[in-house]
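S.K.: Got a structure for you, questions after.
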Amino acid sequence: MTKITDSIKYLKGVGEKRALCYNKLGVDSIYSLLQFFPRAYMDFSETKDICECDVGEICCFKAKVFRKQGEQRIRKGLSIFKVFVTDGTQDVIITIFNSKYIFDSLEIGQEYSFYGKMQGSPLRKEMHTPSFINIDKECPVKAIYRLTEGLSNKVVSNAVKQALDLWGDNLEDVLPDYIKQQEKLCHIRYAIENIHFPESTNALEISRKRLIFQELLVLQLGLLLLKKTSREGTTIKINGCNMKEFTSKLPFELTRDQKIAINDGLKDFISGVPMNRLVQGDVGSGKTMVACALSFAMQRNGYQSAVMAPTEILAIQHYNTFKSILENMDIKCELLVGSLTAKQKREVKEKIASREVDIVIGTHALIQDSVEFNNLGLVITDEQHRFGVNQRAKLAQKGKNPHKLVMSATPIPRTLALIIYGDLDVSVIKTVPKGRLPIETYMIDSKKRDRAFNFIKKHIDNGNQAYIVCPLIEENEEIDQGLFSVEDYAKKLKGSILSEYRIGVLHGKMKPNEKEKIMVAFKNREIDILVATTVVEVGVDVPNAVIMMIENAERFGLSQLHQLRGRVGRGDLQSYCILVSDNKSEVTVQRLKIMTKSSDGFYISEQDLKQRGPGDFFGERQHGLPVLKIANMVDDMNVLLKTQKLASEIIKDDPYLQNDENKGLKLLVDELFANKAE
Ligand code: ADP
Ligand code: MG
């Protein structure tokens with residue numbers, strides 16, 4: 001007897017060869033075929049009058065067959081059949097290639113809904129092999145599947161039908177009854193049947209609701225289980241720390257959220273379980289201080305800390321910050337980056353191994369095998385989305401179950417963060433340091449560029465500095481599309497009213513030490529205008545810079561624009577962001593308008609998510625999350641929140657999902673997380 005878990009090849013019409021095609025789609029068993037949900041639906045009920053359908057348009061209309069014209073052999077292997085239909089507003093000639101079967105299924109006098117691309121001419125409309133349904137007999141909503149070579153929609157649909165007819169009764173409902181009642185969810189059998197062959201649009205909605213809920217619940221359960229198991233105890237434990245000593249020496253008062261984040265971390269240190277915490281805060285919110293405070297606490301308890309940043313500029317900046325604050329508290333900081341000489345590197349590594357260093361700040365150089373710590377208690381990664389999961393793990397392996405802190409300025413909505421970072425706790429910094437004025441943002445086109453230059457001139461004359469960001473490094477073929485390159489732009493400035501000022505250029509192709517030289521010069525006010533690519537995006541801190549002008553602003557995502565804008569407004573001076581774009585498309589204008597209206601990174605990233613989808617966040621699957629079949633974390637956010645709550649209640653009562661009523665859910669968790677590596 002074939003079982004539901006058996007290979008799909010046992011279905012009639014599948015066989016070895018087609019089974020391979022299905023495998024490409026991730027379908028191997030009969031069960032997984034039933035879980036192969038349609039990617040979209042054709043709705044035959046949304047019809048238009050034929051006279052309203054334009055040639056070239058994909059459309060759907062209702063019409064009656066009034067004449068049929070039998071087989072015409074065009075050449076060997078090609079026959080056509082014609083069926084003439086009308087809806088009273090106009091006629092359409094339906095052309096069918098090579099299929100007497102389809103031709104025969106269309107009956108004179110019967111009404112059908114046709115769906116396809118209108119062809120021919122406005123006065124003589126045609127449609128070639130459209131999809132159609134018999135209005136009196138069939139449901140108006142038809143599934144469309146993801147396909148691969150060797151599989152047509154019809155073939156897949158038939159296989160699913162067969163699987164449902166033969167094994168539908170074997171579908172077990174794993175959702176406990178009380179959940180189904182509470183959430184008014186249908187039975188799994190009904191859901192699976194109607195997701196593939198909806199009886200009506202309403203039935204489809206009911207089914208989707210059930211399946212989305214189930215998938216997100218299973219995801220949340222899985223994440224909670226992961227969180228549990230990744231929290232073995234650690235011997236790195238501190239008994240608390242007097243932070244007064246730290247705060248009293250700071251040149252400013254910590255913001256409320258900085259204090260909360262630091263306290264969250266200290267609590268983690270005391271708990272006996274390794275910390276796994278994400279500090280998420282908008283650009284300029286002061287995350288570095290949190291890292292600094294927690295490293296201080298580690299040092300006072302006899303442990304080393306390691307801070308890893310994605311670029312050398314940033315590592316050096318952090319190093320300087322840490323040094324300026326911690327060195328007069330008798331804490332030793334060292335820098336480890338690629339551009340040090342071999343001798344310098346060796347010396348730093350020796351000091352790390354012998355614990356002459358308390359805090360080492362660096363780039364990827366930190367995760368080399370040759371770096372050995374003496375007593376590593378805390379690892380911190382800044383702008384952590386730039387690092388792979390592996391790199392983070394590698395740094396942590398330098399210690400014995402050390403505490404882990406990651407900092408991110410990508411203000412992903414909290415719920416999404418919880419999912420992306422799975423087993424992390426999150427501290428959010430929303431309060432901005434005292435005295436910060438909101439950045440004023442303007443949108444202009446290139447006609448107003450000269451005015452913007454004047455504006456910049458005025459501010460430089462006042463002793464301030466400006467950034468100008470361009471999308472490209474040097475002139476190349478894309479210049480035709482009107483995109484600016486930093487090198488070109490710098491030349492252009494020399495011929496403008498800004499020619500008298502000191503102009504610097506910064507981009508990713510420069511050698512690390514060249515980049516550093518420029519950044520240092522900019523920091524020291526030896527450069528007035530820094531023309532740069534997005535390398536200035538990450539964490540660079542120059543409070544005296546008050547203008548951020550972004551050329552070809554349409555080329556950047558909202559979140560990226562927001563990050564760039566965050567390079568200014570880092571002191572107590574009024575700062576400005578000028579977005580330059582000649583792109584007048586509605587989408588672009590709307591997008592850039594969001595920038596002028598909001599300075600809330602969380603809001604902006606939500607808008608970014610809405611417009612561009614979660615692709616950017618889930619893009620390369622670098623987060624190692626399971627692939628969802630039907631739910632969408634953004635569209636289904638409400639369900640996500642609901643299931644999160646429910647999942648924690650379930651886990652509270654049954655920590656390992658061993659109760660009979662939850663066993664089925666556990667199987668689904670295992671199944672979903674087994675797909676992880678896909
Ligand atoms: P980010 O969160 O973007 O990494 P930083 O840690 O670089 O932000 O901090 C941005 C700037 O704000 C730095 O110049 C820092 O010294 C300053 N800063 C941090 N915390 C405070 C505070 N509580 N009050 C005033 N300035 C602060
Ligand atoms: Mg930072």
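In the structure tokens, the first chain shown is A, the next is B, and so on; residue numbers restart at 1 for each chain, and ligands run from 1 in the order shown.
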Find the residues near ligand 1. Use a cut-off of 7 Å, count only C-alpha atoms and all ligand atoms, and write them as a ChimeraX atom specification.
M.R.: /A:252-255,281-289,409,433-434,539,541,543,570-571
S.K.: Around ligand 2, which protein and nucleic acid residues have at least one atom no more than 12 Å from it, if we count only C-alpha atoms and all ligand atoms? List them as an NGL selection string.
M.R.: :A and (279-292 or 307-311 or 313-318 or 321 or 380-384 or 406-410 or 536-541 or 563 or 566-567 or 570)
S.K.: In terms of the shortest atom-to-atom distance over only C-alpha atoms, which of A:Gly120, A:Leu376, A:Leu366, A:Asp136 is closest to Ile236 (chain A)?
M.R.: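 When distances to Ile236 (chain A) are compared using only C-alpha atoms, the smallest one comes from A:Leu376.
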S.K.: Using the chain letters and numbers from this document, which residues of region 113-163 of chain A does DSSP assign to alpha helix (DSSP H), as a ChimeraX atom specification?
M.R.: /A:153-163
S.K.: What lies within 9 Å of Lys323 (chain A) using only C-alpha atoms, ignoring chain neighbours under 4 positions off, as a short mmCIF file (atom, residue, chain, number, x, y, z; two decimals) with N, CA and C atoms, in the first residue's frame?
M.R.:
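Generated output (result_6.cif):
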data_model
loop_
_atom_site.label_atom_id
_atom_site.label_comp_id
_atom_site.auth_asym_id
_atom_site.auth_seq_id
_atom_site.Cartn_x
_atom_site.Cartn_y
_atom_site.Cartn_z
N HIS A 318 35.94 53.42 16.61
CA HIS A 318 35.57 52.81 17.89
C HIS A 318 36.76 52.75 18.83
N TYR A 319 37.90 52.40 18.26
CA TYR A 319 39.11 52.31 19.07
C TYR A 319 39.38 53.65 19.74
N GLU A 327 40.62 54.78 28.89
CA GLU A 327 42.02 54.75 29.28
C GLU A 327 42.28 55.44 30.61
N ASN A 328 41.47 56.46 30.90
CA ASN A 328 41.69 57.06 32.22
C ASN A 328 40.93 56.32 33.32
N ILE A 331 42.05 51.08 31.80
CA ILE A 331 41.68 49.92 30.98
C ILE A 331 42.46 50.00 29.69
N LYS A 332 43.05 48.89 29.27
CA LYS A 332 43.90 48.93 28.09
C LYS A 332 43.18 48.46 26.83
N CYS A 333 43.19 49.32 25.81
CA CYS A 333 42.54 49.00 24.54
C CYS A 333 43.60 48.84 23.46
N GLU A 334 43.38 47.93 22.53
CA GLU A 334 44.28 47.80 21.38
C GLU A 334 43.46 47.65 20.11
#
S.K.: Please extract the residues of region 217-321 of chain A with a backbone DSSP assignment of strand (DSSP E or B) and present them as a ChimeraX atom specification.
M.R.: /A:276-281,304-308
S.K.: Those same residues - C-alpha atoms - I'd like them written as a PDB file, in the first residue's frame.
M.R.:
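The new file result.pdb reads:
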ATOM      1  CA  ASN A 276      22.669  36.872  23.130  1.00  0.00           C
ATOM      2  CA  ARG A 277      21.555  40.412  22.700  1.00  0.00           C
ATOM      3  CA  LEU A 278      20.885  42.721  19.810  1.00  0.00           C
ATOM      4  CA  VAL A 279      21.116  46.428  20.486  1.00  0.00           C
ATOM      5  CA  GLN A 280      19.134  48.050  17.800  1.00  0.00           C
ATOM      6  CA  GLY A 281      19.096  51.780  17.452  1.00  0.00           C
ATOM      7  CA  GLN A 304      38.504  40.591  28.084  1.00  0.00           C
ATOM      8  CA  SER A 305      36.191  41.923  25.410  1.00  0.00           C
ATOM      9  CA  ALA A 306      36.475  41.899  21.632  1.00  0.00           C
ATOM     10  CA  VAL A 307      34.747  44.398  19.381  1.00  0.00           C
ATOM     11  CA  MET A 308      34.469  43.620  15.674  1.00  0.00           C
TER      12      MET A 308
END
S.K.: Can you work out which one of A:Leu175, A:Val83, A:Trp167, A:Lys24 has the shortest atom-to-atom distance to Pro130 (chain A), counting only C-alpha atoms?
M.R.: A:Val83
S.K.: Separation of CA of Leu530 (chain A) and CA of Ile468 (chain A), in Å?
M.R.: 6.1 Å
S.K.: With only C-alpha atoms as the atoms that count, which of A:Gln69, A:Gly233, A:Val669, A:Pro140 lies nearest to Asn202 (chain A)?
M.R.: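 Checking each candidate against Asn202 (chain A), we get A:Pro140 as the closest.
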S.K.: Show which residues sit within 7 Å of Thr596 (chain A), as a VMD selection string. Count only C-alpha atoms, and ignore same-chain residues fewer than 3 positions away.
M.R.: chain A and resid 441 to 442 592 to 593
S.K.: Store the residues picked out above, limited to all heavy atoms, as a compact mmCIF listing (two decimals), in the first residue's frame.
M.R.:
# COMPACT_ATOMS: atom_id res chain seq x y z
N THR A 441 15.11 67.77 5.79
CA THR A 441 15.38 67.07 4.54
C THR A 441 14.62 67.71 3.38
O THR A 441 13.43 68.00 3.52
CB THR A 441 14.98 65.59 4.67
OG1 THR A 441 15.72 65.03 5.74
CG2 THR A 441 15.29 64.83 3.39
N TYR A 442 15.32 67.95 2.28
CA TYR A 442 14.70 68.54 1.11
C TYR A 442 14.91 67.69 -0.12
O TYR A 442 15.91 66.99 -0.24
CB TYR A 442 15.30 69.93 0.85
CG TYR A 442 15.12 70.86 2.00
CD1 TYR A 442 16.16 71.06 2.91
CD2 TYR A 442 13.90 71.50 2.21
CE1 TYR A 442 15.98 71.91 4.00
CE2 TYR A 442 13.73 72.35 3.29
CZ TYR A 442 14.77 72.54 4.19
OH TYR A 442 14.59 73.36 5.26
N LEU A 592 10.86 59.29 -1.96
CA LEU A 592 11.72 60.34 -1.42
C LEU A 592 10.93 61.25 -0.48
O LEU A 592 11.48 61.78 0.48
CB LEU A 592 12.37 61.13 -2.56
CG LEU A 592 13.29 60.29 -3.46
CD1 LEU A 592 13.93 61.16 -4.53
CD2 LEU A 592 14.37 59.58 -2.65
N LYS A 593 9.65 61.39 -0.75
CA LYS A 593 8.81 62.20 0.14
C LYS A 593 8.80 61.63 1.56
O LYS A 593 8.78 62.38 2.53
CB LYS A 593 7.38 62.24 -0.39
CG LYS A 593 7.07 63.53 -1.07
CD LYS A 593 5.57 63.81 -1.05
CE LYS A 593 5.29 65.01 -1.94
NZ LYS A 593 4.24 64.71 -2.92
S.K.: Which residue gives the smallest distance to Leu424 (chain A) among A:Ile594, A:Leu336, A:Leu223, A:Ala261, with only C-alpha atoms counted?
M.R.: A:Leu223
S.K.: Grab the CA of Thr234 (chain A) to CA of Ser648 (chain A) distance for me, in Å with one decimal place.
M.R.: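 The value is 24.3 Å.
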S.K.: Please list as a list in words every residue within 8 Å of Phe114 (chain A), counting only C-alpha atoms and excluding residues in the same chain fewer than 2 positions away.
M.R.: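 After dropping sequence-adjacent residues, the list is Phe44, Cys60, Phe61, Lys62, Ala63, Tyr112, Gly116, Pro130, Ser131, Phe132 and Ile133 of chain A.
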S.K.: Which residue, A:Ser105, A:Asn544, A:Asn552, A:Thr341, has the smallest gap to Asn513 (chain A) when you use only C-alpha atoms?
M.R.: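 When distances to Asn513 (chain A) are compared using only C-alpha atoms, the smallest one comes from A:Thr341.
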S.K.: Using Å and a single decimal, report how far CA of Asn464 (chain A) sits from CA of Ala545 (chain A).
M.R.: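 CA of Asn464 (chain A) lies at a distance of 5.8 Å from CA of Ala545 (chain A).
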S.K.: What's the 8 Å shell around Glu57 (chain A), counting only C-alpha atoms, without same-chain residues fewer than 2 positions away, as a PyMOL selection string?
M.R.: chain A and resi 53-55+59+117-118
S.K.: Need the shell around Ile352 (chain A): protein/DNA/RNA residues with any atom at most 8 Å away, counting only C-alpha atoms. Skip same-chain ones fewer than 4 positions apart. Format as a JSON list (two decimals) with all heavy atoms, in the first residue's frame?
M.R.:
[["chain", "number", "residue", "atom", "x", "y", "z"],
["A", 348, "VAL", "N", 50.31, 42.95, 19.08],
["A", 348, "VAL", "CA", 48.95, 43.04, 19.62],
["A", 348, "VAL", "C", 48.46, 41.64, 20.00],
["A", 348, "VAL", "O", 47.89, 41.43, 21.08],
["A", 348, "VAL", "CB", 47.98, 43.68, 18.59],
["A", 348, "VAL", "CG1", 46.55, 43.63, 19.10],
["A", 348, "VAL", "CG2", 48.37, 45.12, 18.31],
["A", 356, "GLU", "N", 47.52, 41.39, 28.49],
["A", 356, "GLU", "CA", 47.93, 42.77, 28.73],
["A", 356, "GLU", "C", 46.89, 43.72, 28.15],
["A", 356, "GLU", "O", 46.90, 44.90, 28.46],
["A", 356, "GLU", "CB", 49.28, 43.05, 28.06],
["A", 356, "GLU", "CG", 50.47, 42.57, 28.86],
["A", 356, "GLU", "CD", 51.71, 42.63, 28.00],
["A", 356, "GLU", "OE1", 52.13, 43.75, 27.67],
["A", 356, "GLU", "OE2", 52.23, 41.56, 27.64],
["A", 357, "VAL", "N", 46.03, 43.18, 27.28],
["A", 357, "VAL", "CA", 44.97, 43.99, 26.70],
["A", 357, "VAL", "C", 43.64, 43.59, 27.33],
["A", 357, "VAL", "O", 43.38, 42.41, 27.51],
["A", 357, "VAL", "CB", 44.85, 43.74, 25.18],
["A", 357, "VAL", "CG1", 43.80, 44.64, 24.57],
["A", 357, "VAL", "CG2", 46.16, 43.91, 24.51],
["A", 358, "ASP", "N", 42.83, 44.58, 27.64],
["A", 358, "ASP", "CA", 41.50, 44.28, 28.16],
["A", 358, "ASP", "C", 40.46, 44.25, 27.06],
["A", 358, "ASP", "O", 39.57, 43.42, 27.04],
["A", 358, "ASP", "CB", 41.09, 45.33, 29.19],
["A", 358, "ASP", "CG", 42.08, 45.42, 30.33],
["A", 358, "ASP", "OD1", 42.38, 44.35, 30.90],
["A", 358, "ASP", "OD2", 42.58, 46.53, 30.62],
["A", 360, "VAL", "N", 40.02, 44.52, 22.81],
["A", 360, "VAL", "CA", 40.63, 44.63, 21.50],
["A", 360, "VAL", "C", 39.54, 44.94, 20.50],
["A", 360, "VAL", "O", 38.46, 44.35, 20.51],
["A", 360, "VAL", "CB", 41.45, 43.38, 21.12],
["A", 360, "VAL", "CG1", 40.63, 42.14, 21.26],
["A", 360, "VAL", "CG2", 41.98, 43.50, 19.70],
["A", 371, "VAL", "N", 44.72, 34.54, 16.42],
["A", 371, "VAL", "CA", 44.32, 35.38, 17.54],
["A", 371, "VAL", "C", 43.79, 34.50, 18.67],
["A", 371, "VAL", "O", 42.81, 33.78, 18.51],
["A", 371, "VAL", "CB", 43.22, 36.39, 17.13],
["A", 371, "VAL", "CG1", 42.82, 37.26, 18.30],
["A", 371, "VAL", "CG2", 43.68, 37.23, 15.96],
["A", 372, "GLU", "N", 44.49, 34.54, 19.79],
["A", 372, "GLU", "CA", 44.05, 33.74, 20.93],
["A", 372, "GLU", "C", 43.85, 34.63, 22.14],
["A", 372, "GLU", "O", 44.73, 35.39, 22.50],
["A", 372, "GLU", "CB", 45.11, 32.68, 21.26],
["A", 372, "GLU", "CG", 44.97, 31.45, 20.40],
["A", 372, "GLU", "CD", 46.08, 30.46, 20.70],
["A", 372, "GLU", "OE1", 46.41, 30.29, 21.89],
["A", 372, "GLU", "OE2", 46.62, 29.91, 19.73],
["A", 373, "PHE", "N", 42.70, 34.46, 22.74],
["A", 373, "PHE", "CA", 42.42, 35.27, 23.91],
["A", 373, "PHE", "C", 42.82, 34.53, 25.17],
["A", 373, "PHE", "O", 42.91, 33.29, 25.18],
["A", 373, "PHE", "CB", 40.94, 35.63, 23.96],
["A", 373, "PHE", "CG", 40.57, 36.68, 22.97],
["A", 373, "PHE", "CD1", 40.28, 36.36, 21.65],
["A", 373, "PHE", "CD2", 40.52, 38.02, 23.36],
["A", 373, "PHE", "CE1", 39.95, 37.34, 20.73],
["A", 373, "PHE", "CE2", 40.19, 39.01, 22.44],
["A", 373, "PHE", "CZ", 39.89, 38.67, 21.13],
["A", 374, "ASN", "N", 43.00, 35.28, 26.21],
["A", 374, "ASN", "CA", 43.35, 34.68, 27.48],
["A", 374, "ASN", "C", 42.10, 34.37, 28.28],
["A", 374, "ASN", "O", 41.95, 33.31, 28.86],
["A", 374, "ASN", "CB", 44.25, 35.67, 28.24],
["A", 374, "ASN", "CG", 44.67, 35.13, 29.57],
["A", 374, "ASN", "OD1", 43.84, 34.97, 30.45],
["A", 374, "ASN", "ND2", 45.95, 34.83, 29.71]]
S.K.: Taking into account only C-alpha atoms, which residue in the set A:Arg451, A:Tyr31, A:Ile179, A:Thr533 is nearest to Gln214 (chain A)?
M.R.: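 Looking only at the distances to Gln214 (chain A), the closest residue turns out to be A:Ile179.
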